[in-house]
>>> print(open('query.tsv').read())   # TSV, C-alpha atoms
chain	number	residue	atom	x	y	z
A	186	MET	CA	19.91	50.76	-28.18
A	187	ALA	CA	19.46	51.30	-24.49
A	188	LYS	CA	21.04	50.16	-21.27
A	189	ILE	CA	21.21	50.79	-17.56
A	190	THR	CA	24.12	50.81	-15.16
A	191	VAL	CA	23.76	49.98	-11.46
A	192	ASN	CA	26.02	51.44	-8.79
A	193	ASN	CA	26.94	48.07	-7.30
A	194	ASN	CA	28.01	49.26	-3.91
A	195	ARG	CA	24.95	51.42	-3.33
A	196	CYS	CA	22.37	48.78	-4.31
A	197	LYS	CA	20.63	47.05	-1.37
A	198	GLY	CA	19.11	44.28	-3.47
A	199	CYS	CA	15.47	45.11	-2.75
A	200	GLY	CA	14.40	43.85	-6.20
A	201	LEU	CA	11.91	46.67	-6.92
A	202	CYS	CA	13.69	47.40	-10.23
A	203	ILE	CA	13.48	43.73	-11.22
A	204	ASN	CA	9.77	43.79	-10.45
A	205	ALA	CA	9.24	47.03	-12.40
A	206	CYS	CA	11.12	46.02	-15.56
A	207	PRO	CA	8.54	45.38	-18.32
A	208	LYS	CA	11.10	43.39	-20.34
A	209	LYS	CA	12.33	41.33	-17.38
A	210	CYS	CA	15.95	41.98	-18.29
A	211	ILE	CA	17.27	42.78	-14.78
A	212	SER	CA	18.22	40.13	-12.25
A	213	PHE	CA	20.26	39.69	-9.08
A	214	SER	CA	24.02	39.24	-9.27
A	215	ASP	CA	25.62	35.98	-8.21
A	216	GLU	CA	28.22	37.75	-6.07
A	217	ILE	CA	27.53	40.06	-3.14
A	218	ASN	CA	28.61	43.70	-2.90
A	219	LYS	CA	30.53	45.58	-0.18
A	220	ILE	CA	27.43	46.04	1.96
A	221	GLY	CA	26.42	42.39	1.70
A	222	TYR	CA	23.64	42.30	-0.87
A	223	HIS	CA	23.10	40.55	-4.19
A	224	TYR	CA	22.86	43.69	-6.32
A	225	ALA	CA	20.80	44.23	-9.47
A	226	VAL	CA	22.45	43.71	-12.86
A	227	LEU	CA	21.26	44.12	-16.43
A	228	LYS	CA	21.38	40.55	-17.72
A	229	ASN	CA	19.94	41.00	-21.22
A	230	GLU	CA	21.18	44.28	-22.60
A	231	LYS	CA	19.61	43.66	-26.00
A	232	ASP	CA	16.12	43.56	-24.44
A	233	CYS	CA	16.47	46.85	-22.54
A	234	ILE	CA	14.30	49.61	-24.02
A	235	GLY	CA	15.47	52.38	-21.68
A	236	CYS	CA	12.00	53.04	-20.29
A	237	GLY	CA	13.45	54.06	-16.92
A	238	PHE	CA	10.90	52.18	-14.78
A	239	CYS	CA	13.80	50.65	-12.82
A	240	TYR	CA	15.19	54.13	-12.19
A	241	GLN	CA	11.77	55.36	-11.05
A	242	MET	CA	11.43	52.54	-8.51
A	243	CYS	CA	15.01	52.42	-7.18
A	244	PRO	CA	14.89	53.63	-3.56
A	245	ASP	CA	18.67	54.05	-3.44
A	246	VAL	CA	19.00	56.08	-6.65
A	247	CYS	CA	21.74	53.78	-7.91
A	248	ILE	CA	20.51	53.26	-11.49
A	249	GLU	CA	21.48	55.35	-14.51
A	250	VAL	CA	19.60	54.96	-17.79
A	251	PHE	CA	21.19	55.44	-21.23
A	252	ARG	CA	19.33	55.63	-24.50
B	250	MET	CA	23.82	56.56	-26.17
B	251	ASN	CA	23.09	59.52	-23.95
B	252	LYS	CA	22.48	59.41	-20.23
B	253	ILE	CA	18.78	60.21	-19.86
B	254	LEU	CA	18.18	59.47	-16.19
B	255	SER	CA	20.61	59.70	-13.27
B	256	LYS	CA	20.86	60.91	-9.70
B	257	PRO	CA	19.68	64.55	-9.50
B	258	GLU	CA	22.11	67.27	-8.46
B	259	SER	CA	20.03	68.05	-5.36
B	260	LEU	CA	20.90	64.65	-3.88
B	261	LYS	CA	24.33	64.07	-2.37
B	262	ASP	CA	26.43	60.98	-3.05
B	263	ASN	CA	26.01	59.73	0.52
B	264	PRO	CA	24.37	56.30	0.68
B	265	LEU	CA	20.84	56.44	2.07
B	266	SER	CA	20.46	54.83	5.49
B	267	TYR	CA	16.97	53.51	4.78
B	268	CYS	CA	16.10	49.80	4.80
B	269	PRO	CA	16.17	47.93	1.46
B	270	GLY	CA	13.05	48.75	-0.57
B	271	CYS	CA	11.98	51.72	1.59
B	272	GLY	CA	9.88	54.37	-0.15
B	273	HIS	CA	11.75	57.28	1.45
B	274	GLY	CA	14.58	57.08	-1.10
B	275	ILE	CA	12.14	57.38	-4.00
B	276	ILE	CA	10.44	60.38	-2.40
B	277	HIS	CA	13.82	62.06	-1.69
B	278	ARG	CA	14.69	61.64	-5.36
B	279	LEU	CA	11.36	63.12	-6.52
B	280	ILE	CA	11.86	66.19	-4.34
B	281	ALA	CA	15.44	66.59	-5.58
B	282	GLU	CA	14.32	66.33	-9.21
B	283	ALA	CA	11.51	68.85	-8.68
B	284	VAL	CA	13.93	71.30	-7.06
B	285	ASP	CA	16.44	70.85	-9.88
B	286	GLU	CA	13.83	71.29	-12.60
B	287	LEU	CA	12.47	74.48	-11.03
B	288	GLY	CA	16.04	75.79	-10.66
B	289	ILE	CA	15.55	76.68	-6.99
B	290	ARG	CA	18.32	74.61	-5.40
B	291	GLU	CA	20.29	77.64	-4.20
B	292	LYS	CA	17.31	79.07	-2.34
B	293	THR	CA	15.62	75.95	-1.02
B	294	ILE	CA	15.59	75.19	2.71
B	295	ALA	CA	14.29	71.85	3.96
B	296	VAL	CA	13.10	71.12	7.49
B	297	ALA	CA	13.57	67.47	8.44
B	298	PRO	CA	11.46	65.64	11.04
B	299	VAL	CA	12.04	63.05	13.72
B	300	GLY	CA	11.88	59.52	12.38
B	301	CYS	CA	13.68	57.68	9.61
B	302	ALA	CA	14.14	60.91	7.61
B	303	VAL	CA	15.94	62.60	10.51
B	304	PHE	CA	19.20	62.42	8.53
B	305	ALA	CA	17.74	64.20	5.50
B	306	TYR	CA	20.50	66.81	5.81
B	307	ASP	CA	22.98	64.09	4.85
B	308	TYR	CA	21.11	63.40	1.62
B	309	PHE	CA	19.74	66.68	0.27
B	310	ASN	CA	22.25	68.88	-1.49
B	311	PHE	CA	20.67	72.13	-0.29
B	312	ASP	CA	20.27	73.78	3.09
B	313	THR	CA	18.48	71.50	5.51
B	314	THR	CA	17.70	71.93	9.18
B	315	GLU	CA	16.22	69.56	11.72
B	316	ALA	CA	13.16	70.17	13.91
B	317	PRO	CA	12.36	67.01	15.85
B	318	HIS	CA	9.07	65.80	17.24
B	319	GLY	CA	6.52	67.36	14.94
B	320	ARG	CA	7.82	70.92	14.98
B	321	PRO	CA	8.91	71.36	11.34
B	322	PRO	CA	5.82	73.46	10.43
B	323	ALA	CA	6.63	75.91	13.25
B	324	VAL	CA	10.29	76.14	12.27
B	325	ALA	CA	9.40	76.40	8.58
B	326	THR	CA	6.99	79.24	9.43
B	327	GLY	CA	9.83	81.14	11.09
B	328	ILE	CA	12.25	80.54	8.24
B	329	LYS	CA	9.71	81.52	5.57
B	330	ARG	CA	8.55	84.66	7.36
B	331	THR	CA	12.08	85.91	7.93
B	332	ASN	CA	13.27	84.84	4.45
B	333	PRO	CA	10.23	85.19	2.20
B	334	ASP	CA	12.40	84.82	-0.90
B	335	LYS	CA	13.49	81.29	0.12
B	336	ILE	CA	11.62	78.12	-0.83
B	337	VAL	CA	10.88	76.30	2.41
B	338	PHE	CA	9.49	72.80	2.73
B	339	THR	CA	9.03	70.28	5.51
B	340	TYR	CA	9.52	66.55	5.07
B	341	GLN	CA	7.57	64.64	7.69
B	342	GLY	CA	6.40	61.14	8.44
B	343	ASP	CA	3.06	60.08	9.88
B	344	GLY	CA	4.32	59.73	13.44
B	345	ASP	CA	5.88	63.18	13.27
B	346	LEU	CA	3.14	65.04	11.43
B	347	ALA	CA	-0.05	63.23	12.43
B	348	ALA	CA	0.71	62.38	16.06
B	349	ILE	CA	3.25	64.46	17.95
B	350	GLY	CA	3.02	67.43	15.58
B	351	THR	CA	-0.74	67.62	15.00
B	352	ALA	CA	-1.07	71.04	16.62
B	353	GLU	CA	1.78	72.58	14.61
B	354	THR	CA	0.50	71.00	11.40
B	355	ILE	CA	-3.09	72.19	11.78
B	356	HIS	CA	-2.26	75.72	12.87
B	357	CYS	CA	0.41	76.17	10.21
B	358	ALA	CA	-2.11	75.02	7.59
B	359	ASN	CA	-4.82	77.22	9.05
B	360	ARG	CA	-2.55	80.27	8.90
B	361	GLY	CA	-1.99	79.46	5.24
B	362	GLU	CA	1.78	79.79	5.43
B	363	ASN	CA	3.34	79.85	1.98
B	364	ILE	CA	5.28	76.61	2.48
B	365	THR	CA	5.26	73.11	1.03
B	366	VAL	CA	4.70	70.05	3.20
B	367	ILE	CA	5.70	66.56	2.06
B	368	PHE	CA	3.92	64.05	4.28
B	369	VAL	CA	5.16	60.46	4.05
B	370	ASN	CA	2.44	58.09	5.26
B	371	ASN	CA	3.60	54.51	5.79
B	372	ALA	CA	1.03	53.55	8.42
B	373	ASN	CA	3.46	52.96	11.26
B	374	TYR	CA	6.33	54.37	13.29
B	375	GLY	CA	9.21	53.20	11.13
B	376	MET	CA	12.35	54.26	12.96
B	377	THR	CA	11.32	52.93	16.36
B	378	GLY	CA	10.46	49.50	14.98
B	379	GLY	CA	6.93	49.52	13.62
B	380	GLN	CA	4.55	50.63	16.36
B	381	MET	CA	0.98	51.77	15.65
B	382	ALA	CA	0.72	55.30	14.24
B	383	PRO	CA	-2.44	57.44	13.93
B	384	THR	CA	-2.57	56.37	10.27
B	385	THR	CA	-2.35	52.61	10.95
B	386	LEU	CA	-5.17	50.79	9.15
B	387	ILE	CA	-8.04	49.00	10.87
B	388	GLY	CA	-6.93	45.44	11.51
B	389	GLN	CA	-3.27	46.16	10.73
B	390	VAL	CA	-0.85	44.25	12.93
B	391	THR	CA	1.95	46.36	14.39
B	392	GLU	CA	4.29	45.99	17.36
B	393	THR	CA	1.75	47.66	19.63
B	394	THR	CA	-1.39	46.21	18.01
B	395	PRO	CA	-0.41	42.51	17.85
B	396	PHE	CA	-4.03	41.46	17.21
B	397	GLY	CA	-4.67	44.22	14.66
B	398	ARG	CA	-5.87	47.79	15.19
B	399	ASP	CA	-9.32	47.72	16.77
B	400	PRO	CA	-11.25	50.99	16.34
B	401	LEU	CA	-13.01	50.46	19.67
B	402	ARG	CA	-9.66	50.45	21.42
B	403	GLU	CA	-7.33	52.54	19.22
B	404	GLY	CA	-9.72	54.64	17.13
B	405	TYR	CA	-9.73	55.08	13.36
B	406	PRO	CA	-6.93	55.99	10.91
B	407	VAL	CA	-6.47	59.76	10.78
B	408	LYS	CA	-6.92	61.11	7.25
B	409	VAL	CA	-4.80	64.20	7.53
B	410	SER	CA	-5.31	65.37	3.94
B	411	GLU	CA	-9.10	65.37	4.26
B	412	LEU	CA	-8.81	67.02	7.67
B	413	LEU	CA	-6.64	69.85	6.34
B	414	ALA	CA	-8.81	70.30	3.24
B	415	ASN	CA	-11.51	71.71	5.52
B	416	LEU	CA	-9.27	74.60	6.53
B	417	GLU	CA	-9.52	77.78	4.49
B	418	GLY	CA	-5.79	78.37	4.74
B	419	THR	CA	-4.83	75.36	2.62
B	420	LYS	CA	-4.54	75.79	-1.14
B	421	TYR	CA	-3.41	72.53	-2.67
B	422	ILE	CA	-3.68	69.03	-1.21
B	423	GLU	CA	-3.05	65.83	-3.12
B	424	ARG	CA	-2.53	62.21	-2.10
B	425	VAL	CA	-0.09	60.21	-4.24
B	426	THR	CA	1.81	56.95	-3.89
B	427	VAL	CA	5.09	55.39	-5.00
B	428	PHE	CA	4.29	51.68	-5.21
B	429	ASP	CA	4.89	51.42	-8.96
B	430	ALA	CA	6.60	53.44	-11.70
B	431	PRO	CA	3.50	55.17	-13.23
B	432	HIS	CA	2.42	56.32	-9.76
B	433	VAL	CA	5.95	57.53	-9.02
B	434	ILE	CA	5.77	59.72	-12.14
B	435	GLN	CA	2.37	61.04	-10.99
B	436	ALA	CA	3.80	61.72	-7.51
B	437	LYS	CA	6.62	63.72	-9.09
B	438	LYS	CA	4.09	65.94	-10.90
B	439	ALA	CA	2.24	66.61	-7.64
B	440	ILE	CA	5.44	67.40	-5.72
B	441	LYS	CA	6.65	69.70	-8.47
B	442	LYS	CA	3.32	71.49	-8.49
B	443	ALA	CA	3.49	71.92	-4.72
B	444	PHE	CA	6.87	73.65	-5.09
B	445	GLN	CA	5.66	75.67	-8.07
B	446	ASN	CA	2.77	76.92	-5.94
B	447	GLN	CA	5.20	78.24	-3.39
B	448	VAL	CA	7.37	79.91	-6.05
B	449	GLU	CA	4.23	81.67	-7.31
B	450	GLY	CA	3.18	82.63	-3.79
B	451	ASN	CA	-0.04	80.63	-3.87
B	452	GLY	CA	0.16	79.47	-0.26
B	453	TYR	CA	0.10	76.24	1.67
B	454	SER	CA	0.57	73.05	-0.36
B	455	PHE	CA	0.39	69.61	1.18
B	456	ILE	CA	1.37	66.35	-0.55
B	457	GLU	CA	0.60	63.09	1.22
B	458	VAL	CA	2.73	60.26	-0.18
B	459	ILE	CA	1.55	56.74	0.59
B	460	SER	CA	4.80	54.88	1.03
B	461	HIS	CA	5.91	51.34	1.83
B	462	CYS	CA	7.84	50.18	4.87
B	463	PRO	CA	8.74	46.55	4.09
B	464	VAL	CA	10.88	45.74	7.11
B	465	ASP	CA	8.50	47.08	9.77
B	466	TRP	CA	5.49	45.58	8.01
B	467	GLY	CA	7.25	42.20	8.12
B	468	LYS	CA	7.07	41.89	4.35
B	469	THR	CA	9.50	41.64	1.46
B	470	PRO	CA	9.72	44.80	-0.70
B	471	LEU	CA	7.60	43.13	-3.39
B	472	GLU	CA	4.95	42.01	-0.88
B	473	ALA	CA	4.96	45.53	0.57
B	474	VAL	CA	4.28	47.32	-2.73
B	475	LYS	CA	1.54	44.79	-3.46
B	476	TRP	CA	0.00	45.43	-0.05
B	477	VAL	CA	-0.02	49.17	-0.74
B	478	GLU	CA	-1.94	48.60	-3.96
B	479	GLU	CA	-4.40	46.04	-2.61
B	480	VAL	CA	-4.99	47.15	0.98
B	481	PHE	CA	-3.45	50.50	1.91
B	482	LEU	CA	-5.06	52.50	-0.91
B	483	LYS	CA	-8.55	51.24	0.03
B	484	THR	CA	-8.39	53.35	3.17
B	485	PHE	CA	-6.40	56.23	1.66
B	486	PRO	CA	-7.72	56.80	-1.89
B	487	LEU	CA	-5.47	58.77	-4.24
B	488	GLY	CA	-6.21	62.01	-5.99
B	489	VAL	CA	-6.40	65.78	-5.68
B	490	ILE	CA	-8.29	66.50	-2.48
B	491	LYS	CA	-8.24	70.27	-2.77
B	492	ASP	CA	-6.93	72.70	-5.35
B	493	THR	CA	-7.87	76.36	-5.15
B	494	THR	CA	-4.94	77.51	-7.27
B	495	LYS	CA	-6.63	76.95	-10.63
>>> encode(input="query.tsv", output="structure tokens")
Amino acid sequence: MAKITVNNNRCKGCGLCINACPKKCISFSDEINKIGYHYAVLKNEKDCIGCGFCYQMCPDVCIEVFR
Amino acid sequence: MNKILSKPESLKDNPLSYCPGCGHGIIHRLIAEAVDELGIREKTIAVAPVGCAVFAYDYFNFDTTEAPHGRPPAVATGIKRTNPDKIVFTYQGDGDLAAIGTAETIHCANRGENITVIFVNNANYGMTGGQMAPTTLIGQVTETTPFGRDPLREGYPVKVSELLANLEGTKYIERVTVFDAPHVIQAKKAIKKAFQNQVEGNGYSFIEVISHCPVDWGKTPLEAVKWVEEVFLKTFPLGVIKDTTK
């Protein structure tokens, strides 16, 4: 059991977390956030292994990892 | 489930003003984590540069001052000498450290001041829109080298880490990068060691972080990290360049 949460209104939608995820379980949201970006969301929670690679690559420090 | 990774205490809640995908945010976080882990937040003083990181005082949750135009090593020298019990570090980009602040950088290193320098090398002047910096690669297109950097006209990329390694005053110099997660973890180790050196009084530590600047390179964040891996690191190879603390 693992998951991540993304601070929606801090995310600038750069996609580095999506690129870093070894399980490919993060993707862009359909809606845009307050600052005008499609933010990152955890789409497949069951696939998340809580490795923290997304957290390591996030330039805006908006990801929290739970395990 | 327990929270295992989240924003370190040494970073404030303020949103970072950097462009999407910029490496500065990652490097800020690594410094904040290193400071938290060493338990030195209450006695750390940062000196911010001119450039994109000029607003570092808005992001770091410890005392931070501002010394524009390459002067952070001089200001850090003053702070450290008058407050030897404080942990003082400078955070500088390549335009700040390798161009306008070359004199301060070299003499501070040569004096062997017991400070930590975090040098962010992204091969251009980021804040002013992507002009050629001393560290710009041969052939790299920037705003001021539209046909690529030609060594006959603009000279060669300055390798500051190798330059400083020749000085007897420097103790620990390592070049790291943040283009993917394993390298970010390695960069964290180097940054933490650079702070640990200062806590132990070992002397001048210098960490060069090869970072990405997607917007000014005219690339997407993913293209930028790929370019770091495939092109940038060919000119600036990673590794420990000097370590006399062992």
>>> residues_around(input="query.tsv", residues="Ala225 in chain A", least_positions_apart="4", cutoff="8 Å", atoms="only C-alpha atoms", output="list in words")
Val191, Asn193, Cys196, Gly198, Gly200, Cys202, Ile203, Ile211, Ser212, Phe213 and Ser214 of chain A
>>> residues_around(input="query.tsv", residues="Ala305 in chain B", least_positions_apart="5", cutoff="9 Å", atoms="all atoms listed in the file", output="list in words")
His277, Ala295, Val296, Ala297, Pro298, Thr313, Thr314, Glu315 and Tyr340 of chain B
>>> atom_distance(input="query.tsv", atom1="CA of Gly274 in chain B", atom2="CA of Asp245 in chain A")
5.6 Å
>>> residues_around(input="query.tsv", residues="range 227-230 of chain A", least_positions_apart="4", cutoff="12 Å", atoms="all atoms listed in the file", output="ChimeraX atom specification")
/A:186-193,202-203,206,208-215,234-235,239,248-252
>>> interface_residues(input="query.tsv", of="chain B", to="chain A", cutoff="7 Å", atoms="only C-alpha atoms", output="list in words")
Met250, Asn251, Lys252, Ile253, Leu254, Ser255, Lys256, Pro264, Leu265, Pro269, Gly270, Cys271, Gly272, His273, Gly274, Ile275, Asp429, Ala430, Val433, Pro470 and Leu471 of chain B
>>> residues_around(input="query.tsv", residues="range 377-384 of chain B", least_positions_apart="5", cutoff="6 Å", atoms="all atoms listed in the file", output="ChimeraX atom specification")
/B:344,372,391-393,406-407,465
>>> closest_residue(input="query.tsv", among="B:Phe455, B:Ile294, B:Lys329, B:Ser266", to="Asp307 in chain B", atoms="only C-alpha atoms")
B:Ser266
>>> atom_distance(input="query.tsv", atom1="CA of Asn371 in chain B", atom2="CA of Gly342 in chain B")
7.7 Å
>>> atom_distance(input="query.tsv", atom1="CA of Asn451 in chain B", atom2="CA of Asp492 in chain B")
10.6 Å
